[in-house]
Amino acid sequence: MSEMWLNMGPQHPMTHGLWNLRVKIDGETITEAEPVVGYLHRGWEKLTETRTFPQIIPMADRLCYGASLSWSHCYCLTAEKLLDVEVPERAKYIRTIVLEAQRIGSHLMWLAALGTDLGSYTVFLYPMRERELFLDLMQDLCGARLTYNYPRIGGVRNDVPANFERDFTRVLNHFEKKIPDYEALCDESTVFHMRMDDVGKLTAEQAINLGVTGPNLRGSGVDYDIRRDDPYDAYSQIDFNVCVQKSCDAYARYRVRMDELYESVNIIRQAIKDMPKGPVRVKPPRNAVKGKSDWAHTEDPRGEAFMYIIGNGDDHPYRLKVRSPIFVTVSAAAWMLKGYKVADVPAIMGSVDMCLGETDR
Amino acid sequence: MNGLFIFLQGISVWLMSIVGWVFDFITLHGFADWFRSPGVVFFLTNFLAALVVFIVGFLISITFIWEERKILGRLMDRRGTQVGVLGLFQNFADGLKAFIKEIIIPDEVDKWIYDAAPVILIGISCLLIGLIPLSPDFALANLNGGLLLIFAIFSIAPFAILIGGWASNNKYTIMGGMRAAAQLISYEVPLLLSLVGVVILAGSFNLMDIVQAQQQAGVWFIIPQFLGCLVFMVAAIAEVERIPFDLPEAEAELVEGWQTEYGGMRFGLIMLSEYVRGYAASMVAVILFLGGWDGPSFIWPEIWFIIKVFILFAVWIWVRGALMRVTTKQILGIGWKRLMPLALINLGIAIAIKMAGWL
């Protein structure tokens with residue numbers, strides 16, 4: 001068989017979302033790969049220019065269905081810097097807790113998707129079962145299960161409900177016992193290692209040059225985590241490890257996310273214990289200074305989320321720019337896929353944790 | 001003449017005598033004599049026997065789908081299908097749905113071969129059901145080379161997959177078809193080698209003789225041929241294309257593999273034929289290693305056989321619930337580097353047991 005282009009997407013089981021991976025294959029070996037994104041472009045950044053600052057929060061939720069809270073939080077952080085708002089201490093801790101709960105939910109969804117990519121429906125259903133518990137917690141907290149609309153400029157929408165601590169502790173205790181189940185299904189399976197080990201190599205140098213961030217970067221052995229290196233919210237007062245793996249392959253990226261599940265549980269426990277009393281919200285000013293600009297970046301479950309706002313003198317932003325971690329990371333697909341087989345594509349791209357909502361904006 | 005045929009012959013004679021009586025009554029004595037003649041009764045007996053065996057075979061295959069749905073559901077912490085009594089009606093609902101769907105045939109396909117692939121698959125499934133006896137009394141055929149013929153028929157399936165994938169004129173389907181061919185060369189040799197041990201111990205290719213040998217020896221061949229059973233189980237998963245060896249239809253990378261362009265009842269037939277082949281493979285495994293219909297005589301041997309087949313299939317369902325799909329390169333490695341030496345060691349054990357005269 002001579003070389004041919006194979007379109008994996010936009011309608012393809014491998015693509016979680018709407019994107020197209022064009023691979024040039026020689027037999028089953030990939031000689032060239034070209035990710036094509038943009039099928040889900042909604043003009044999000046332009047839309048924000050017609051909205052007031054608080055109106056943008058629910059829109060930011062729609063950036064990523066997997067980790068909506070981390071996006072609305074990133075926006076609130078940026079807007080707080082622009083509007084010079086100091087967030088109360090209690091709100092910072094609540095934000096830290098829900099962000100980590102969101103990270104767990106997002107990583108569980110990624111693990112579920114990886115399971116179907118590799119052909120194991122069991123690995124799809126087990127994490128989804130535990131994700132449900134975290135969705136229930138969030139529902140107790142803010143009434144929504146997927147797009148929370150919970151952070152506000154200057155704090156969070158409401159204080160935690162009664163029994164918040166008890167419920168969270170129960171779920172975490174239960175969840176911590178369940179993570180070894182996933183590891184028994186994946187790490188202890190020879191077939192899983194056969195699929196994940198030594199595929200999708202991305203060296204630290206390549207990863208840095210391509211702008212890869214988040215778990216994918218830490219899977220390449222670079223010790224970089226915004227939660228520790230440029231702390232926001234309450235992360236500076238919390239003691240946690242940054243999970244790094246040196247082997248640079250798909251398995252390393254898997255392992256980093258699994259370790260982060262343990263770390264997130266640890267962070268939530270500490271934050272619940274240290275949570276101070278006090279108000280959860282302050283009233284932000286309505287208008288931004290004309291021409292003033294500011295930015296913030298956070299550690300999204302998928303990498304570095306970055307937002308940049310320019311004020312317009314009224315209650316609308318002049319310009320809002322989003323840097324999506326996956327939009328940058330997906331460009332590394334060409335490097336990760338070259339030389340591997342078509343059968344490795346789901347394992348490699350599954351280990352990247354694609355989310356198209358934020359990529360195409 | 002086994003029990004099934006004797007029973008059905010009685011029914012045929014009775015039916016034909018009624019028909020003959022009717023024709024006698026309207027004074028067409030020539031027709032009446034023709035209907036009562038041995039030739040017509042013989043034809044009707046065979047026809048009814050084939051019908052009964054196929055109906056039983058397909059019903060058990062459909063129950064296999066139900067078993068898979070239920071056990072897989074329990075393994076995944078859910079309940080599985082709930083339609084009807086214990087979810088038993090789900091498969092019939094699915095069949096009806098596939099049946100009433102619009103037939104869509106892409107323009108670019110090679111129509112004759114595209115249509116031929118499901119026909120070949122369902123045809124070889126029927127042949128397999130016909131060849132494997134449920135007990136000495138419930139069998140269509142008693143062939144001396146039965147085992148060889150069964151595996152010759154089994155290996156037609158990848159051919160049908162290859163031509164079906166090729167004729168569909170789609171990049172995914174052709175890759176699925178090619179994978180089926182690559183898979184064939186990886187598992188076929190260890191699969192057949194693992195059988196040779198049993199054949200040596202039993203001294204026959206006849207399925208009835210193999211079970212009889214186990215009954216006489218007083219031990220099922222899984223005990224002396226444990227390695228062979230292991231190799232057979234793994235290779236048979238590849239033979240019937242189930243996870244972890246379902247490369248031709250790897251849905252994550254190849255959409256639905258070689259079946260991508262098949263829809264409606266064509267797809268339904270392909271799915272059914274997969275389970276019929278799974279049923280046939282587990283029947284062969286039970287006959288070779290688990291003593292076939294051997295069991296205490298308080299229930300019928302056929303029931304023993306079916307119970308064993310269901311238990312054995314449950315092991316494959318368990319494997320499917322626990323494992324992921326391997327890649328083409330890896331299945332070649334598994335076939336040639338792992339299963340092949342094990343099958344050879346097993347063959348040596350069989351020869352040693354036979355030479356020592358233990359069985």
# chains A, B, ... in the order shown; residues from 1 in each chain; ligands from 1
>>> closest_atom_pairs(of="chain B", to="chain A", cutoff="12 Å", atoms="only C-alpha atoms", output="Markdown table")
| residue | atom | partner | partner_atom | distance |
| --- | --- | --- | --- | --- |
| B:Ile71 | CA | A:Thr122 | CA | 11.9 |
| B:Leu72 | CA | A:Thr122 | CA | 8.5 |
| B:Gly73 | CA | A:Thr122 | CA | 9.1 |
| B:Arg74 | CA | A:Thr122 | CA | 10.2 |
| B:Leu75 | CA | A:Thr122 | CA | 7.6 |
| B:Met76 | CA | A:Thr122 | CA | 5.3 |
| B:Asp77 | CA | A:Tyr126 | CA | 7.7 |
| B:Arg78 | CA | A:Leu125 | CA | 8.8 |
| B:Asn170 | CA | A:Leu6 | CA | 10.3 |
| B:Lys171 | CA | A:Leu6 | CA | 7.2 |
| B:Tyr172 | CA | A:Leu6 | CA | 8.4 |
| B:Thr173 | CA | A:Leu6 | CA | 11.9 |
| B:Ile174 | CA | A:Met1 | CA | 10.6 |
| B:Met175 | CA | A:Glu28 | CA | 8.1 |
| B:Gly176 | CA | A:Glu28 | CA | 10.7 |
| B:Met178 | CA | A:Gly27 | CA | 9.6 |
| B:Arg179 | CA | A:Glu28 | CA | 9.7 |
| B:Ala182 | CA | A:Glu28 | CA | 11.8 |
| B:Arg242 | CA | A:Gly119 | CA | 10.7 |
| B:Ile243 | CA | A:Gly119 | CA | 7.5 |
| B:Pro244 | CA | A:Gly119 | CA | 7.9 |
| B:Phe245 | CA | A:Gly119 | CA | 10.1 |
| B:Asp246 | CA | A:Gly119 | CA | 9.3 |
| B:Leu247 | CA | A:Ala343 | CA | 8.9 |
| B:Pro248 | CA | A:Ala343 | CA | 11.0 |
| B:Glu249 | CA | A:Gly119 | CA | 10.7 |
| B:Ala250 | CA | A:Gly119 | CA | 7.7 |
| B:Glu251 | CA | A:Pro13 | CA | 6.9 |
| B:Ala252 | CA | A:Asp117 | CA | 5.2 |
| B:Glu253 | CA | A:Met14 | CA | 5.9 |
| B:Leu254 | CA | A:Pro13 | CA | 8.3 |
| B:Val255 | CA | A:Pro13 | CA | 6.0 |
| B:Glu256 | CA | A:Pro13 | CA | 9.0 |
| B:Gly257 | CA | A:Pro13 | CA | 11.4 |
| B:Thr260 | CA | A:His12 | CA | 11.4 |
| B:Ile317 | CA | A:Thr122 | CA | 11.8 |
| B:Trp318 | CA | A:Thr122 | CA | 10.7 |
| B:Val319 | CA | A:Ser120 | CA | 10.3 |
| B:Arg320 | CA | A:Ser120 | CA | 7.6 |
| B:Gly321 | CA | A:Thr122 | CA | 6.0 |
| B:Ala322 | CA | A:Leu185 | CA | 6.8 |
| B:Leu323 | CA | A:Ser120 | CA | 6.2 |
| B:Met324 | CA | A:Ser120 | CA | 4.9 |
| B:Arg325 | CA | A:Gly119 | CA | 5.3 |
| B:Val326 | CA | A:Val191 | CA | 6.4 |
| B:Thr327 | CA | A:Ala343 | CA | 5.9 |
| B:Thr328 | CA | A:Ala343 | CA | 7.7 |
| B:Lys329 | CA | A:Lys341 | CA | 9.0 |
| B:Gln330 | CA | A:Met194 | CA | 7.8 |
| B:Ile331 | CA | A:Val191 | CA | 10.6 |
| B:Gly333 | CA | A:Met194 | CA | 11.2 |
| B:Ile334 | CA | A:Val191 | CA | 10.9 |
>>> residues_around(residues="stretch 239-243 of chain A", least_positions_apart="5", cutoff="10 Å", atoms="only C-alpha atoms", output="list of chain:residue names")
A:Pro215, A:Arg218, A:Gly219, A:Gly221, A:Val222, A:Asp223, A:Tyr224, A:Asp225, A:Ile226, A:Arg227, A:Arg228, A:Arg255, A:Val256, A:Arg257, A:Met258, A:Asp259, A:Glu260, A:Tyr262, A:Glu263, A:Ser264, A:Asn266, A:Ile267, A:Gln270, A:Ala271
>>> atom_distance(atom1="atom CA of B:Gly357", atom2="atom CA of B:Leu290")
20.9 Å
>>> residues_around(residues="A:Asn158", least_positions_apart="5", cutoff="12 Å", atoms="only C-alpha atoms", output="list of chain:residue names")
A:Arg90, A:Ala91, A:Ile94, A:Arg95, A:Asp140, A:Leu141, A:Cys142, A:Gly143, A:Tyr148, A:Asn149, A:Tyr150, A:Pro151, A:Arg152, A:Pro279, A:Val280, A:Arg281, A:Val282
>>> atom_distance(atom1="atom CA of B:Ile124", atom2="atom CA of B:Leu230")
25.2 Å
>>> residues_around(residues="B:Gln90", least_positions_apart="5", cutoff="10 Å", atoms="only C-alpha atoms", output="list of chain:residue names")
B:Ile62, B:Ile65, B:Trp66, B:Arg69, B:Thr81, B:Gln82, B:Val83, B:Gly84, B:Val85, B:Gly95, B:Leu96
>>> write_last_selection(atoms="N, CA and C atoms", output="mmCIF file, in the first residue's frame")
data_model
loop_
_atom_site.group_PDB
_atom_site.id
_atom_site.type_symbol
_atom_site.label_atom_id
_atom_site.label_comp_id
_atom_site.auth_asym_id
_atom_site.auth_seq_id
_atom_site.Cartn_x
_atom_site.Cartn_y
_atom_site.Cartn_z
ATOM 1 N N ILE B 62 -28.125 -16.286 20.668
ATOM 2 C CA ILE B 62 -28.781 -15.045 21.110
ATOM 3 C C ILE B 62 -28.735 -14.948 22.629
ATOM 4 N N ILE B 65 -25.551 -13.475 23.705
ATOM 5 C CA ILE B 65 -25.505 -12.009 23.700
ATOM 6 C C ILE B 65 -26.107 -11.486 24.996
ATOM 7 N N TRP B 66 -27.208 -12.118 25.397
ATOM 8 C CA TRP B 66 -27.847 -11.723 26.666
ATOM 9 C C TRP B 66 -26.903 -11.956 27.830
ATOM 10 N N ARG B 69 -24.263 -9.335 27.871
ATOM 11 C CA ARG B 69 -24.760 -8.041 28.342
ATOM 12 C C ARG B 69 -24.936 -8.033 29.850
ATOM 13 N N THR B 81 -28.966 -5.168 30.402
ATOM 14 C CA THR B 81 -30.247 -4.894 29.742
ATOM 15 C C THR B 81 -31.424 -5.270 30.635
ATOM 16 N N GLN B 82 -32.504 -4.531 30.501
ATOM 17 C CA GLN B 82 -33.668 -4.706 31.371
ATOM 18 C C GLN B 82 -34.946 -4.971 30.586
ATOM 19 N N VAL B 83 -34.869 -5.134 29.264
ATOM 20 C CA VAL B 83 -36.087 -5.254 28.457
ATOM 21 C C VAL B 83 -36.676 -6.651 28.621
ATOM 22 N N GLY B 84 -37.908 -6.713 29.001
ATOM 23 C CA GLY B 84 -38.560 -8.013 29.137
ATOM 24 C C GLY B 84 -38.128 -8.737 30.389
ATOM 25 N N VAL B 85 -38.424 -10.035 30.426
ATOM 26 C CA VAL B 85 -38.091 -10.842 31.590
ATOM 27 C C VAL B 85 -36.575 -10.971 31.678
ATOM 28 N N GLY B 95 -32.860 -7.142 17.067
ATOM 29 C CA GLY B 95 -32.964 -7.805 15.770
ATOM 30 C C GLY B 95 -34.063 -7.173 14.928
ATOM 31 N N LEU B 96 -35.209 -6.913 15.569
ATOM 32 C CA LEU B 96 -36.323 -6.299 14.846
ATOM 33 C C LEU B 96 -35.928 -4.919 14.338
#
>>> closest_residue(among="B:Thr45, B:Ser282, B:Asn206, B:Gln259", to="B:Leu4", atoms="only C-alpha atoms")
B:Thr45
>>> select_by_dssp(residues="stretch 96-182 of chain A", states="helix (DSSP H, G or I)", output="ChimeraX atom specification")
/A:96-118,121-142,164-182
>>> residues_around(residues="A:Val265", least_positions_apart="5", cutoff="8 Å", atoms="only C-alpha atoms", output="ChimeraX atom specification")
/A:100,172,176
>>> residues_around(residues="A:Ala234", least_positions_apart="4", cutoff="8 Å", atoms="only C-alpha atoms", output="MDAnalysis selection string")
chainID A and resid 89 92:93 96 238 271
>>> closest_residue(among="B:Gly87, B:Gly20, B:Gly295, B:Gly10", to="B:Leu48", atoms="only C-alpha atoms")
B:Gly10
>>> residues_around(residues="A:Gly211", least_positions_apart="3", cutoff="12 Å", atoms="only C-alpha atoms", output="list in words")
Leu202, Ala204, Glu205, Gln206, Ala207, Ile208, Gly214, Asn216, Leu217, Val222, Gly303, Glu304, Arg323, Ser324, Pro325, Ile326, Phe327, Val328, Thr329, Val330, Ser331 and Ala332 of chain A
>>> select_by_dssp(residues="stretch 45-288 of chain A", states="strand (DSSP E or B)", output="list in words")
Pro151, Arg152, Gly155, Val156 and Arg281 of chain A
>>> closest_residue(among="A:Thr50, A:Thr29, A:Thr78, A:Thr213", to="A:Asp294", atoms="only C-alpha atoms")
A:Thr78
>>> closest_residue(among="B:Val240, B:Val189, B:Leu28, B:Ile353", to="B:Lys337", atoms="only C-alpha atoms")
B:Val189
